[in-house]
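A.B. asks: To be precise about what I am sending: the file is called work_6.pdb and holds PDB, C-alpha atoms, pLDDT in the B column.
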```pdb
ATOM      1  CA  MET A  27       0.000   0.000   0.000  1.00 38.00           C
ATOM      2  CA  SER A  28       1.185   3.505  -0.759  1.00 44.00           C
ATOM      3  CA  VAL A  29       0.611   5.978   1.976  1.00 44.00           C
ATOM      4  CA  TYR A  30       3.831   7.945   2.158  1.00 46.00           C
ATOM      5  CA  PHE A  31       4.760   8.189  -1.531  1.00 47.00           C
ATOM      6  CA  HIS A  32       3.744  11.801  -2.108  1.00 50.00           C
ATOM      7  CA  SER A  33       5.367  13.224   0.996  1.00 47.00           C
ATOM      8  CA  SER A  34       4.721  16.950   0.744  1.00 50.00           C
ATOM      9  CA  PHE A  35       4.889  17.059  -3.056  1.00 50.00           C
ATOM     10  CA  THR A  36       1.437  17.746  -4.433  1.00 62.00           C
ATOM     11  CA  LEU A  37       0.135  16.587  -7.778  1.00 69.00           C
ATOM     12  CA  ASN A  38       1.254  19.657  -9.748  1.00 82.00           C
ATOM     13  CA  ARG A  39       0.728  19.146 -13.495  1.00 85.00           C
ATOM     14  CA  GLU A  40       3.212  21.819 -14.587  1.00 91.00           C
ATOM     15  CA  ARG A  41       5.989  20.249 -12.554  1.00 91.00           C
ATOM     16  CA  LEU A  42       4.833  16.750 -13.471  1.00 92.00           C
ATOM     17  CA  SER A  43       4.917  17.502 -17.199  1.00 96.00           C
ATOM     18  CA  GLY A  44       8.320  19.200 -16.846  1.00 96.00           C
ATOM     19  CA  ILE A  45       9.753  16.186 -15.071  1.00 96.00           C
ATOM     20  CA  LEU A  46       8.185  13.862 -17.658  1.00 97.00           C
ATOM     21  CA  TYR A  47       9.651  15.904 -20.525  1.00 97.00           C
ATOM     22  CA  ASN A  48      13.139  15.664 -19.037  1.00 97.00           C
ATOM     23  CA  LEU A  49      12.820  11.952 -18.292  1.00 96.00           C
ATOM     24  CA  ILE A  50      11.768  11.193 -21.867  1.00 96.00           C
ATOM     25  CA  GLU A  51      13.692  13.751 -23.909  1.00 96.00           C
ATOM     26  CA  LYS A  52      16.869  13.927 -21.799  1.00 96.00           C
ATOM     27  CA  PRO A  53      17.208  10.445 -20.286  1.00 94.00           C
ATOM     28  CA  LYS A  54      20.887  10.945 -19.386  1.00 95.00           C
ATOM     29  CA  LEU A  55      20.069  13.699 -16.883  1.00 96.00           C
ATOM     30  CA  THR A  56      20.294  12.665 -13.243  1.00 95.00           C
ATOM     31  CA  ASP A  57      17.472  13.249 -10.787  1.00 95.00           C
ATOM     32  CA  GLN A  58      19.578  16.044  -9.298  1.00 97.00           C
ATOM     33  CA  GLU A  59      20.059  17.745 -12.670  1.00 97.00           C
ATOM     34  CA  ILE A  60      16.337  17.603 -13.410  1.00 97.00           C
ATOM     35  CA  ALA A  61      15.373  18.892  -9.971  1.00 96.00           C
ATOM     36  CA  LYS A  62      17.846  21.775 -10.184  1.00 97.00           C
ATOM     37  CA  GLN A  63      15.826  23.217 -13.099  1.00 95.00           C
ATOM     38  CA  PHE A  64      12.930  23.614 -10.666  1.00 94.00           C
ATOM     39  CA  GLY A  65      15.075  24.932  -7.819  1.00 94.00           C
ATOM     40  CA  TYR A  66      15.112  21.683  -5.829  1.00 93.00           C
ATOM     41  CA  ASN A  67      17.304  18.660  -5.094  1.00 92.00           C
ATOM     42  CA  ALA A  68      17.060  15.054  -6.297  1.00 91.00           C
ATOM     43  CA  PRO A  69      14.180  14.005  -3.972  1.00 89.00           C
ATOM     44  CA  PHE A  70      11.961  16.433  -5.902  1.00 89.00           C
ATOM     45  CA  THR A  71      12.446  14.426  -9.100  1.00 92.00           C
ATOM     46  CA  GLN A  72      12.037  11.137  -7.244  1.00 90.00           C
ATOM     47  CA  ARG A  73       8.699  12.233  -5.735  1.00 86.00           C
ATOM     48  CA  TYR A  74       7.353  13.351  -9.098  1.00 90.00           C
ATOM     49  CA  LYS A  75       8.520  10.108 -10.714  1.00 92.00           C
ATOM     50  CA  SER A  76       6.461   8.385  -8.056  1.00 86.00           C
ATOM     51  CA  TRP A  77       3.404  10.467  -9.021  1.00 86.00           C
ATOM     52  CA  LEU A  78       3.965   9.570 -12.687  1.00 93.00           C
ATOM     53  CA  LYS A  79       4.069   5.883 -11.772  1.00 91.00           C
ATOM     54  CA  LYS A  80       1.059   6.110  -9.456  1.00 87.00           C
ATOM     55  CA  CYS A  81      -0.912   7.884 -12.195  1.00 90.00           C
ATOM     56  CA  GLY A  82      -0.082   5.214 -14.787  1.00 93.00           C
ATOM     57  CA  VAL A  83       2.112   7.348 -17.050  1.00 96.00           C
ATOM     58  CA  ILE A  84       5.455   5.599 -16.551  1.00 96.00           C
ATOM     59  CA  GLU A  85       6.205   1.994 -15.660  1.00 93.00           C
ATOM     60  CA  HIS A  86       7.679   0.705 -12.423  1.00 80.00           C
ATOM     61  CA  SER A  87      11.177  -0.081 -13.644  1.00 81.00           C
ATOM     62  CA  ILE A  88      14.748   1.077 -13.176  1.00 83.00           C
ATOM     63  CA  LYS A  89      14.852   2.688 -16.619  1.00 89.00           C
ATOM     64  CA  VAL A  90      12.118   5.252 -17.259  1.00 93.00           C
ATOM     65  CA  LYS A  91       9.634   3.907 -19.785  1.00 96.00           C
ATOM     66  CA  LEU A  92       6.202   5.185 -20.718  1.00 97.00           C
ATOM     67  CA  THR A  93       3.232   2.871 -20.244  1.00 96.00           C
ATOM     68  CA  ASP A  94       1.053   2.242 -23.309  1.00 97.00           C
ATOM     69  CA  PHE A  95      -1.295   5.004 -22.153  1.00 95.00           C
ATOM     70  CA  GLY A  96       1.701   7.119 -21.172  1.00 97.00           C
ATOM     71  CA  GLU A  97       2.890   7.015 -24.780  1.00 97.00           C
ATOM     72  CA  VAL A  98      -0.488   8.260 -26.014  1.00 97.00           C
ATOM     73  CA  ILE A  99      -0.635  10.927 -23.305  1.00 96.00           C
ATOM     74  CA  TYR A 100       2.900  12.139 -24.013  1.00 97.00           C
ATOM     75  CA  LYS A 101       2.210  12.332 -27.746  1.00 97.00           C
ATOM     76  CA  LYS A 102      -1.214  14.003 -27.525  1.00 97.00           C
ATOM     77  CA  ASP A 103      -0.981  15.981 -24.269  1.00 97.00           C
ATOM     78  CA  PRO A 104       2.612  16.468 -23.050  1.00 96.00           C
ATOM     79  CA  LYS A 105       1.543  19.308 -20.724  1.00 96.00           C
ATOM     80  CA  LEU A 106      -0.998  16.999 -18.988  1.00 94.00           C
ATOM     81  CA  LYS A 107      -3.808  19.540 -19.293  1.00 93.00           C
ATOM     82  CA  LYS A 108      -6.522  17.840 -21.359  1.00 94.00           C
ATOM     83  CA  GLU A 109      -9.545  16.419 -19.617  1.00 92.00           C
ATOM     84  CA  PRO A 110      -9.131  12.818 -20.884  1.00 93.00           C
ATOM     85  CA  THR A 111      -5.547  12.843 -19.556  1.00 94.00           C
ATOM     86  CA  LEU A 112      -6.705  14.070 -16.171  1.00 89.00           C
ATOM     87  CA  TRP A 113      -9.476  11.482 -15.982  1.00 89.00           C
ATOM     88  CA  TYR A 114      -7.070   8.691 -16.896  1.00 92.00           C
ATOM     89  CA  MET A 115      -4.502   9.808 -14.319  1.00 89.00           C
ATOM     90  CA  HIS A 116      -7.182  10.249 -11.660  1.00 86.00           C
ATOM     91  CA  SER A 117      -8.759   6.849 -12.286  1.00 88.00           C
ATOM     92  CA  PHE A 118      -5.379   5.102 -12.280  1.00 88.00           C
ATOM     93  CA  LEU A 119      -4.343   6.878  -9.073  1.00 83.00           C
ATOM     94  CA  ALA A 120      -7.575   6.135  -7.231  1.00 83.00           C
ATOM     95  CA  ASN A 121      -8.067   2.653  -8.700  1.00 86.00           C
ATOM     96  CA  SER A 122      -6.163   0.711  -6.081  1.00 80.00           C
ATOM     97  CA  GLU A 123      -4.896   1.001  -2.553  1.00 81.00           C
ATOM     98  CA  ASP A 124      -1.501   0.032  -3.918  1.00 78.00           C
ATOM     99  CA  ASN A 125      -1.370   3.263  -5.925  1.00 75.00           C
ATOM    100  CA  ALA A 126      -2.637   5.697  -3.297  1.00 78.00           C
ATOM    101  CA  GLU A 127      -4.583   4.395  -0.347  1.00 79.00           C
ATOM    102  CA  ALA A 128      -6.031   7.721   0.820  1.00 78.00           C
ATOM    103  CA  TRP A 129      -7.276   8.628  -2.663  1.00 79.00           C
ATOM    104  CA  ASN A 130      -8.688   5.148  -3.181  1.00 83.00           C
ATOM    105  CA  TYR A 131     -10.560   5.268   0.118  1.00 85.00           C
ATOM    106  CA  PHE A 132     -11.863   8.781  -0.534  1.00 84.00           C
ATOM    107  CA  TYR A 133     -13.250   8.125  -4.010  1.00 84.00           C
ATOM    108  CA  HIS A 134     -14.515   4.579  -3.573  1.00 87.00           C
ATOM    109  CA  ASN A 135     -15.684   4.502   0.036  1.00 90.00           C
ATOM    110  CA  TYR A 136     -16.028   7.900   1.626  1.00 89.00           C
ATOM    111  CA  LEU A 137     -17.399  10.060  -1.188  1.00 89.00           C
ATOM    112  CA  PRO A 138     -20.230   7.690  -2.226  1.00 93.00           C
ATOM    113  CA  LYS A 139     -21.506   7.636   1.373  1.00 95.00           C
ATOM    114  CA  ASN A 140     -21.085  11.359   2.109  1.00 93.00           C
ATOM    115  CA  GLU A 141     -22.782  13.796  -0.218  1.00 88.00           C
ATOM    116  CA  SER A 142     -21.453  16.711   1.796  1.00 90.00           C
ATOM    117  CA  PHE A 143     -18.811  16.963   4.490  1.00 88.00           C
ATOM    118  CA  THR A 144     -16.375  19.328   6.115  1.00 85.00           C
ATOM    119  CA  LYS A 145     -12.621  19.210   6.011  1.00 81.00           C
ATOM    120  CA  PRO A 146     -12.469  18.079   9.694  1.00 83.00           C
ATOM    121  CA  GLN A 147     -14.947  15.253   8.983  1.00 88.00           C
ATOM    122  CA  LEU A 148     -12.856  14.036   6.056  1.00 83.00           C
ATOM    123  CA  SER A 149      -9.692  14.387   8.113  1.00 81.00           C
ATOM    124  CA  ASP A 150     -11.139  12.208  10.889  1.00 85.00           C
ATOM    125  CA  ALA A 151     -12.315   9.533   8.425  1.00 87.00           C
ATOM    126  CA  ILE A 152      -9.005   9.308   6.568  1.00 81.00           C
ATOM    127  CA  SER A 153      -7.126   9.354   9.857  1.00 81.00           C
ATOM    128  CA  MET A 154      -9.160   6.353  11.050  1.00 83.00           C
ATOM    129  CA  LYS A 155      -8.492   4.553   7.755  1.00 82.00           C
ATOM    130  CA  LEU A 156      -4.731   5.169   7.752  1.00 79.00           C
ATOM    131  CA  MET A 157      -3.957   5.095  11.485  1.00 78.00           C
ATOM    132  CA  ALA A 158      -3.099   1.389  11.437  1.00 79.00           C
ATOM    133  CA  HIS A 159      -0.010   2.199   9.325  1.00 73.00           C
ATOM    134  CA  ASN A 160       1.476   4.533  11.912  1.00 70.00           C
ATOM    135  CA  PRO A 161      -0.589   6.303  14.613  1.00 73.00           C
ATOM    136  CA  GLY A 162       2.197   8.853  15.082  1.00 71.00           C
ATOM    137  CA  HIS A 163       1.842   9.956  11.466  1.00 64.00           C
ATOM    138  CA  PHE A 164      -1.824   9.309  10.763  1.00 68.00           C
ATOM    139  CA  GLY A 165      -3.592   9.852  14.088  1.00 68.00           C
ATOM    140  CA  LYS A 166      -6.028  12.739  14.364  1.00 71.00           C
ATOM    141  CA  ASN A 167      -4.318  16.021  13.369  1.00 67.00           C
ATOM    142  CA  ARG A 168      -0.947  14.295  12.908  1.00 65.00           C
ATOM    143  CA  PRO A 169       1.650  15.435  10.337  1.00 62.00           C
ATOM    144  CA  MET A 170       0.785  13.169   7.421  1.00 63.00           C
ATOM    145  CA  ILE A 171      -2.945  13.790   7.825  1.00 61.00           C
ATOM    146  CA  LYS A 172      -2.250  17.516   7.602  1.00 60.00           C
ATOM    147  CA  VAL A 173      -0.403  16.889   4.303  1.00 57.00           C
ATOM    148  CA  THR A 174      -2.838  14.331   2.872  1.00 61.00           C
ATOM    149  CA  ILE A 175      -6.172  16.001   3.612  1.00 60.00           C
ATOM    150  CA  PRO A 176      -5.622  19.249   1.667  1.00 56.00           C
ATOM    151  CA  MET A 177      -4.666  17.275  -1.446  1.00 56.00           C
ATOM    152  CA  VAL A 178      -7.712  15.019  -1.269  1.00 57.00           C
ATOM    153  CA  PHE A 179     -10.140  17.680   0.002  1.00 56.00           C
ATOM    154  CA  ASN A 180      -9.122  20.283  -2.580  1.00 56.00           C
ATOM    155  CA  SER A 181      -9.329  17.774  -5.434  1.00 53.00           C
ATOM    156  CA  LYS A 182     -13.094  17.540  -4.919  1.00 46.00           C
ATOM    157  CA  ARG A 183     -13.615  21.231  -5.569  1.00 41.00           C
TER     158      ARG A 183
END
```
Represent the structure of the file as structure tokens.

C.D. replies:
Amino acid sequence: MSVYFHSSFTLNRERLSGILYNLIEKPKLTDQEIAKQFGYNAPFTQRYKSWLKKCGVIEHSIKVKLTDFGEVIYKKDPKLKKEPTLWYMHSFLANSEDNAEAWNYFYHNYLPKNESFTKPQLSDAISMKLMAHNPGHFGKNRPMIKVTIPMVFNSKR
């Protein structure tokens, strides 16, 4: 299950498409060299690679390789802005707990049962779902909940 993969790096399409461009068009660049273009260090690139994998754009392998859908997306929508691209990435991300447990829970369990809710209500529900992984990180109002909830909550709007 993926709970920690995003750390504090949000799903930012401009950064995501920039990382993807460099991975595909300049495969000899290191993670550090790619990240430097954005004003960050190597973990920045690594986190966005993780998003690209979790969204079904690149494969889980040592060498960066586009998935079949990733090839279509990169050819037709390299900036990751078109609605079909966003729907594909969203459905792949939320499709399984292995990709992103909080997103999966939100879209497949919580949202269908809660037509309306507040940010604190969602925070409590996701905290209860994820607490078994690490109560120190995912207990009520704990650090990872504070990072996770804005990404999930704001995606609904």

A.B. asks: Need to verify the contact set: stretch 61-78 of chain A, 12 Å, only C-alpha atoms, exclusion of same-chain residues closer than 3 positions in sequence. Can you return it as a PyMOL selection string?

C.D. replies: chain A and resi 28-50+55-58+81-93+95-96+99-100+106+114-116+118-120+125-126

A.B. asks: Considering only C-alpha atoms, can you say which of A:Lys80, A:Gln147, A:Ile152, A:Glu97 comes closest to A:Asp124?

C.D. replies: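 That would be A:Lys80, the residue with the smallest distance to A:Asp124.
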
A.B. asks: What's the separation between atom CA of A:Lys155 and atom CA of A:Lys139, in Å to one decimal place?

C.D. replies: 14.8 Å

A.B. asks: Figure out the distance between atom CA of A:Glu127 and atom CA of A:Lys102, please, to one decimal in Å.

C.D. replies: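 Answer for the atom CA of A:Lys102 to atom CA of A:Glu127 separation: 29.0 Å.
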
A.B. asks: Quick one, how far is atom CA of A:Leu156 from atom CA of A:Trp113?

C.D. replies: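 These atoms are spaced 25.0 Å apart.
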
A.B. asks: For this file, the PyMOL selection byres ((chain A and resi 135) around 12) selects which residues, as a VMD selection string?

C.D. replies: chain A and resid 120 to 123 127 to 134 136 to 141 148 151 to 152 155

A.B. asks: Can you write just those residues out, C-alpha atoms, as a PDB file, keeping the file's coordinate frame?

C.D. replies:
```pdb
ATOM      1  CA  ALA A 120      -7.575   6.135  -7.231  1.00 83.00           C
ATOM      2  CA  ASN A 121      -8.067   2.653  -8.700  1.00 86.00           C
ATOM      3  CA  SER A 122      -6.163   0.711  -6.081  1.00 80.00           C
ATOM      4  CA  GLU A 123      -4.896   1.001  -2.553  1.00 81.00           C
ATOM      5  CA  GLU A 127      -4.583   4.395  -0.347  1.00 79.00           C
ATOM      6  CA  ALA A 128      -6.031   7.721   0.820  1.00 78.00           C
ATOM      7  CA  TRP A 129      -7.276   8.628  -2.663  1.00 79.00           C
ATOM      8  CA  ASN A 130      -8.688   5.148  -3.181  1.00 83.00           C
ATOM      9  CA  TYR A 131     -10.560   5.268   0.118  1.00 85.00           C
ATOM     10  CA  PHE A 132     -11.863   8.781  -0.534  1.00 84.00           C
ATOM     11  CA  TYR A 133     -13.250   8.125  -4.010  1.00 84.00           C
ATOM     12  CA  HIS A 134     -14.515   4.579  -3.573  1.00 87.00           C
ATOM     13  CA  TYR A 136     -16.028   7.900   1.626  1.00 89.00           C
ATOM     14  CA  LEU A 137     -17.399  10.060  -1.188  1.00 89.00           C
ATOM     15  CA  PRO A 138     -20.230   7.690  -2.226  1.00 93.00           C
ATOM     16  CA  LYS A 139     -21.506   7.636   1.373  1.00 95.00           C
ATOM     17  CA  ASN A 140     -21.085  11.359   2.109  1.00 93.00           C
ATOM     18  CA  GLU A 141     -22.782  13.796  -0.218  1.00 88.00           C
ATOM     19  CA  LEU A 148     -12.856  14.036   6.056  1.00 83.00           C
ATOM     20  CA  ALA A 151     -12.315   9.533   8.425  1.00 87.00           C
ATOM     21  CA  ILE A 152      -9.005   9.308   6.568  1.00 81.00           C
ATOM     22  CA  LYS A 155      -8.492   4.553   7.755  1.00 82.00           C
TER      23      LYS A 155
END
```
